[in-house]
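*Asks:* File follows, my_file.pdb with PDB, C-alpha atoms, pLDDT in the B column:
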```
ATOM      1  CA  MET G   1      28.846-183.294  19.121  1.00 73.00           C
ATOM      2  CA  LEU G   2      26.211-185.861  18.124  1.00 79.00           C
ATOM      3  CA  VAL G   3      28.836-188.509  17.347  1.00 80.00           C
ATOM      4  CA  SER G   4      30.592-188.034  20.665  1.00 83.00           C
ATOM      5  CA  SER G   5      27.345-188.163  22.634  1.00 85.00           C
ATOM      6  CA  LEU G   6      26.325-191.366  20.817  1.00 86.00           C
ATOM      7  CA  PHE G   7      29.785-192.796  21.529  1.00 89.00           C
ATOM      8  CA  TYR G   8      29.400-192.033  25.229  1.00 89.00           C
ATOM      9  CA  LEU G   9      25.879-193.466  25.238  1.00 89.00           C
ATOM     10  CA  PHE G  10      26.896-196.787  23.698  1.00 91.00           C
ATOM     11  CA  SER G  11      30.012-196.970  25.870  1.00 93.00           C
ATOM     12  CA  PHE G  12      27.886-196.401  28.953  1.00 92.00           C
ATOM     13  CA  ILE G  13      25.523-199.168  27.832  1.00 92.00           C
ATOM     14  CA  ILE G  14      28.515-201.492  27.427  1.00 94.00           C
ATOM     15  CA  ILE G  15      29.667-200.672  30.946  1.00 94.00           C
ATOM     16  CA  LEU G  16      26.188-201.277  32.353  1.00 92.00           C
ATOM     17  CA  CYS G  17      25.940-204.585  30.493  1.00 92.00           C
ATOM     18  CA  SER G  18      29.356-205.629  31.786  1.00 94.00           C
ATOM     19  CA  ILE G  19      28.268-204.858  35.321  1.00 93.00           C
ATOM     20  CA  GLY G  20      25.093-206.832  34.613  1.00 91.00           C
ATOM     21  CA  VAL G  21      27.136-209.811  33.422  1.00 91.00           C
ATOM     22  CA  ILE G  22      29.088-210.065  36.660  1.00 92.00           C
ATOM     23  CA  SER G  23      26.381-209.016  39.094  1.00 91.00           C
ATOM     24  CA  THR G  24      23.252-210.850  38.002  1.00 87.00           C
ATOM     25  CA  LYS G  25      22.214-213.951  39.893  1.00 82.00           C
ATOM     26  CA  ASN G  26      20.730-215.767  36.927  1.00 80.00           C
ATOM     27  CA  PRO G  27      23.402-217.092  34.526  1.00 79.00           C
ATOM     28  CA  VAL G  28      21.020-216.954  31.567  1.00 78.00           C
ATOM     29  CA  TYR G  29      20.568-213.221  32.141  1.00 84.00           C
ATOM     30  CA  ALA G  30      24.359-212.882  32.363  1.00 85.00           C
ATOM     31  CA  VAL G  31      24.743-214.365  28.888  1.00 84.00           C
ATOM     32  CA  LEU G  32      22.003-212.094  27.551  1.00 85.00           C
ATOM     33  CA  PHE G  33      23.815-209.066  29.019  1.00 89.00           C
ATOM     34  CA  LEU G  34      26.977-210.348  27.332  1.00 89.00           C
ATOM     35  CA  ILE G  35      25.185-210.515  23.980  1.00 89.00           C
ATOM     36  CA  LEU G  36      23.971-206.930  24.435  1.00 90.00           C
ATOM     37  CA  ALA G  37      27.517-205.809  25.258  1.00 92.00           C
ATOM     38  CA  PHE G  38      28.798-207.474  22.082  1.00 91.00           C
ATOM     39  CA  ILE G  39      26.143-205.761  19.975  1.00 90.00           C
ATOM     40  CA  ASN G  40      27.004-202.349  21.426  1.00 92.00           C
ATOM     41  CA  SER G  41      30.709-203.031  20.842  1.00 93.00           C
ATOM     42  CA  SER G  42      29.971-203.711  17.202  1.00 91.00           C
ATOM     43  CA  ILE G  43      28.150-200.374  17.023  1.00 91.00           C
ATOM     44  CA  LEU G  44      31.315-198.688  18.309  1.00 92.00           C
ATOM     45  CA  PHE G  45      33.282-200.470  15.576  1.00 90.00           C
ATOM     46  CA  LEU G  46      30.854-198.986  13.071  1.00 87.00           C
ATOM     47  CA  PHE G  47      31.673-195.515  14.424  1.00 86.00           C
ATOM     48  CA  LEU G  48      35.323-196.216  13.601  1.00 84.00           C
ATOM     49  CA  ASN G  49      34.399-197.229  10.023  1.00 81.00           C
ATOM     50  CA  ALA G  50      35.404-200.832  10.748  1.00 83.00           C
ATOM     51  CA  GLU G  51      32.375-202.518   9.240  1.00 84.00           C
ATOM     52  CA  PHE G  52      34.070-205.876   8.728  1.00 85.00           C
ATOM     53  CA  LEU G  53      35.124-206.121  12.368  1.00 87.00           C
ATOM     54  CA  ALA G  54      31.649-205.119  13.519  1.00 89.00           C
ATOM     55  CA  MET G  55      29.958-207.822  11.486  1.00 89.00           C
ATOM     56  CA  LEU G  56      32.637-210.335  12.482  1.00 89.00           C
ATOM     57  CA  LEU G  57      31.945-209.571  16.137  1.00 89.00           C
ATOM     58  CA  ILE G  58      28.238-210.160  15.607  1.00 89.00           C
ATOM     59  CA  VAL G  59      28.635-213.365  13.620  1.00 89.00           C
ATOM     60  CA  VAL G  60      31.417-214.986  15.629  1.00 88.00           C
ATOM     61  CA  TYR G  61      30.764-213.873  19.194  1.00 86.00           C
ATOM     62  CA  VAL G  62      27.020-213.380  19.278  1.00 85.00           C
ATOM     63  CA  GLY G  63      26.193-216.044  16.724  1.00 85.00           C
ATOM     64  CA  ALA G  64      28.488-218.764  17.985  1.00 84.00           C
ATOM     65  CA  VAL G  65      30.185-218.168  21.305  1.00 81.00           C
ATOM     66  CA  ALA G  66      27.363-216.489  23.224  1.00 79.00           C
ATOM     67  CA  VAL G  67      24.786-218.988  21.984  1.00 80.00           C
ATOM     68  CA  LEU G  68      27.101-221.815  23.031  1.00 84.00           C
ATOM     69  CA  PHE G  69      27.484-220.190  26.465  1.00 81.00           C
ATOM     70  CA  LEU G  70      23.720-219.919  26.683  1.00 75.00           C
ATOM     71  CA  PHE G  71      23.223-223.615  25.953  1.00 81.00           C
ATOM     72  CA  VAL G  72      25.939-224.663  28.428  1.00 80.00           C
ATOM     73  CA  VAL G  73      24.606-222.403  31.181  1.00 75.00           C
ATOM     74  CA  MET G  74      21.081-223.703  30.695  1.00 73.00           C
ATOM     75  CA  MET G  75      22.328-227.283  31.105  1.00 78.00           C
ATOM     76  CA  LEU G  76      24.284-226.585  34.315  1.00 75.00           C
ATOM     77  CA  ASN G  77      22.871-226.755  37.829  1.00 64.00           C
ATOM     78  CA  ILE G  78      24.523-223.932  39.773  1.00 62.00           C
ATOM     79  CA  ASN G  79      24.309-223.536  43.549  1.00 61.00           C
ATOM     80  CA  ASN G  80      23.809-219.811  44.227  1.00 59.00           C
ATOM     81  CA  GLU G  81      24.277-219.854  48.017  1.00 59.00           C
ATOM     82  CA  GLU G  82      27.867-221.076  47.760  1.00 61.00           C
ATOM     83  CA  ASN G  83      28.731-218.404  45.206  1.00 63.00           C
ATOM     84  CA  LYS G  84      27.114-215.627  47.265  1.00 65.00           C
ATOM     85  CA  SER G  85      29.480-216.140  50.205  1.00 67.00           C
ATOM     86  CA  LYS G  86      32.509-215.991  47.899  1.00 68.00           C
ATOM     87  CA  ILE G  87      31.346-212.767  46.266  1.00 69.00           C
ATOM     88  CA  GLN G  88      30.684-210.899  49.521  1.00 73.00           C
ATOM     89  CA  LYS G  89      34.291-211.021  50.676  1.00 75.00           C
ATOM     90  CA  TYR G  90      35.405-209.070  47.571  1.00 73.00           C
ATOM     91  CA  THR G  91      32.894-206.237  47.992  1.00 79.00           C
ATOM     92  CA  PRO G  92      35.360-203.531  49.235  1.00 83.00           C
ATOM     93  CA  PHE G  93      37.775-204.220  46.378  1.00 80.00           C
ATOM     94  CA  THR G  94      34.889-204.075  43.918  1.00 78.00           C
ATOM     95  CA  LEU G  95      33.718-200.710  45.249  1.00 85.00           C
ATOM     96  CA  ILE G  96      37.227-199.268  44.879  1.00 86.00           C
ATOM     97  CA  LEU G  97      37.461-200.578  41.327  1.00 79.00           C
ATOM     98  CA  VAL G  98      34.047-199.206  40.379  1.00 80.00           C
ATOM     99  CA  SER G  99      34.951-195.800  41.799  1.00 86.00           C
ATOM    100  CA  PHE G 100      38.082-195.707  39.614  1.00 80.00           C
ATOM    101  CA  VAL G 101      36.002-196.566  36.552  1.00 75.00           C
ATOM    102  CA  PHE G 102      33.552-193.750  37.272  1.00 81.00           C
ATOM    103  CA  ILE G 103      36.422-191.287  37.844  1.00 82.00           C
ATOM    104  CA  GLU G 104      37.820-192.228  34.437  1.00 75.00           C
ATOM    105  CA  LEU G 105      34.384-191.856  32.873  1.00 72.00           C
ATOM    106  CA  GLY G 106      34.085-188.401  34.408  1.00 76.00           C
ATOM    107  CA  PHE G 107      37.443-187.491  32.887  1.00 71.00           C
ATOM    108  CA  PHE G 108      36.318-188.572  29.433  1.00 68.00           C
ATOM    109  CA  PHE G 109      33.012-186.731  29.728  1.00 71.00           C
ATOM    110  CA  LEU G 110      34.901-183.554  30.547  1.00 73.00           C
ATOM    111  CA  ALA G 111      37.526-184.156  27.832  1.00 67.00           C
ATOM    112  CA  ASP G 112      37.393-182.408  24.500  1.00 63.00           C
ATOM    113  CA  ASP G 113      36.036-183.931  21.270  1.00 62.00           C
ATOM    114  CA  LYS G 114      39.478-183.834  19.656  1.00 63.00           C
ATOM    115  CA  TYR G 115      40.239-187.360  20.905  1.00 58.00           C
ATOM    116  CA  LEU G 116      37.284-188.824  19.036  1.00 56.00           C
ATOM    117  CA  THR G 117      37.907-186.911  15.823  1.00 60.00           C
ATOM    118  CA  ASN G 118      41.545-188.041  15.772  1.00 59.00           C
ATOM    119  CA  LEU G 119      40.424-191.667  15.855  1.00 53.00           C
ATOM    120  CA  THR G 120      38.507-191.450  12.587  1.00 54.00           C
ATOM    121  CA  GLU G 121      41.215-189.493  10.749  1.00 56.00           C
ATOM    122  CA  THR G 122      43.934-192.149  10.939  1.00 53.00           C
ATOM    123  CA  LYS G 123      45.715-193.282   7.788  1.00 58.00           C
ATOM    124  CA  ASN G 124      44.499-196.887   7.862  1.00 52.00           C
ATOM    125  CA  LEU G 125      40.830-195.916   8.083  1.00 50.00           C
ATOM    126  CA  SER G 126      40.983-193.472   5.184  1.00 54.00           C
ATOM    127  CA  LEU G 127      40.901-196.271   2.585  1.00 52.00           C
ATOM    128  CA  SER G 128      37.624-196.858   0.817  1.00 60.00           C
ATOM    129  CA  ASN G 129      37.176-200.507   1.793  1.00 75.00           C
ATOM    130  CA  ASN G 130      37.893-201.735   5.279  1.00 74.00           C
ATOM    131  CA  THR G 131      38.134-205.408   4.344  1.00 77.00           C
ATOM    132  CA  VAL G 132      40.747-204.684   1.670  1.00 78.00           C
ATOM    133  CA  SER G 133      42.902-202.690   4.077  1.00 77.00           C
ATOM    134  CA  LEU G 134      42.633-205.403   6.748  1.00 78.00           C
ATOM    135  CA  GLY G 135      43.615-208.048   4.191  1.00 81.00           C
ATOM    136  CA  ASN G 136      46.551-205.951   2.985  1.00 82.00           C
ATOM    137  CA  ILE G 137      47.876-205.557   6.500  1.00 82.00           C
ATOM    138  CA  LEU G 138      47.410-209.243   7.376  1.00 82.00           C
ATOM    139  CA  TYR G 139      48.972-210.640   4.203  1.00 84.00           C
ATOM    140  CA  THR G 140      51.883-208.196   3.854  1.00 84.00           C
ATOM    141  CA  ASP G 141      53.145-206.954   7.201  1.00 84.00           C
ATOM    142  CA  TYR G 142      51.955-209.859   9.352  1.00 84.00           C
ATOM    143  CA  ALA G 143      51.882-212.732   6.812  1.00 84.00           C
ATOM    144  CA  LEU G 144      54.121-215.078   8.782  1.00 84.00           C
ATOM    145  CA  LEU G 145      52.375-214.424  12.078  1.00 83.00           C
ATOM    146  CA  PHE G 146      48.979-214.842  10.419  1.00 80.00           C
ATOM    147  CA  GLN G 147      49.992-218.187   8.933  1.00 83.00           C
ATOM    148  CA  LEU G 148      51.473-219.367  12.239  1.00 82.00           C
ATOM    149  CA  SER G 149      48.291-218.510  14.096  1.00 80.00           C
TER     150      SER G 149
END
```
Could you spell out this file's structure in structure tokens?
*Replies:*
Amino acid sequence: MLVSSLFYLFSFIIILCSIGVISTKNPVYAVLFLILAFINSSILFLFLNAEFLAMLLIVVYVGAVAVLFLFVVMMLNINNEENKSKIQKYTPFTLILVSFVFIELGFFFLADDKYLTNLTETKNLSLSNNTVSLGNILYTDYALLFQLS
């Protein structure tokens, strides 16, 4: 019960940060909300025993991409009045979309814990080292696609 409540807490924080990214008027605050969403996403990866992916998300996205966004946004001069008029015409569509998200959240809050326990009992996550299993999958099953990418 504790794991599922922590999962819902961090997921809710991610949703709030995502709403903060698209709704804040200051672009610097939007990037800071994005960094907080990335950090909470890495915490959810830790719940799935994917430590390598969690640290990769922190190092690559927070350490490089979000900091680059922050520097670019701080150098730009953005006119807020022009953007405000564009946003207001999409308000009804946004309200419909947000209501669907909250209906889905209500469904998952009322759902049983069996969905979360099935996630951590998969065959790929039962190995002792996550990095070894990720490397085995990349270099055996998807070797050609990995080299092409």
*Asks:* Can you tell me how far CA of Val73 in chain G sits from CA of Tyr29 in chain G, in Å to one decimal?
*Replies:* 10.1 Å
*Asks:* Using only C-alpha atoms, can you tell me which of G:Leu6, G:Leu16, G:Leu46, G:Met1 comes closest to Val98 in chain G?
*Replies:* G:Leu16
*Asks:* (28.2, -221.1, 31.3) in this file's frame - what residues fall within 12 Å of it? Use all atoms listed in the file and give the answer as a VMD selection string.
*Replies:* chain G and resid 21 26 to 32 34 65 to 78
*Asks:* Kindly resolve the PyMOL selection byres ((chain G and resi 128-140) around 12) on the present coordinates and return the residues as number ranges by chain.
*Replies:* G: 45-46, 48-56, 123-127, 141-149
*Asks:* Between CA of Ser18 in chain G and CA of Ala37 in chain G, measure the distance and give it in Å to one decimal.
*Replies:*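 The value is 6.8 Å.
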*Asks:* Could you check how far CA of Phe38 in chain G sits from CA of Ile14 in chain G, in Å to one decimal?
*Replies:*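 That distance, rounded to one decimal, is 8.0 Å.
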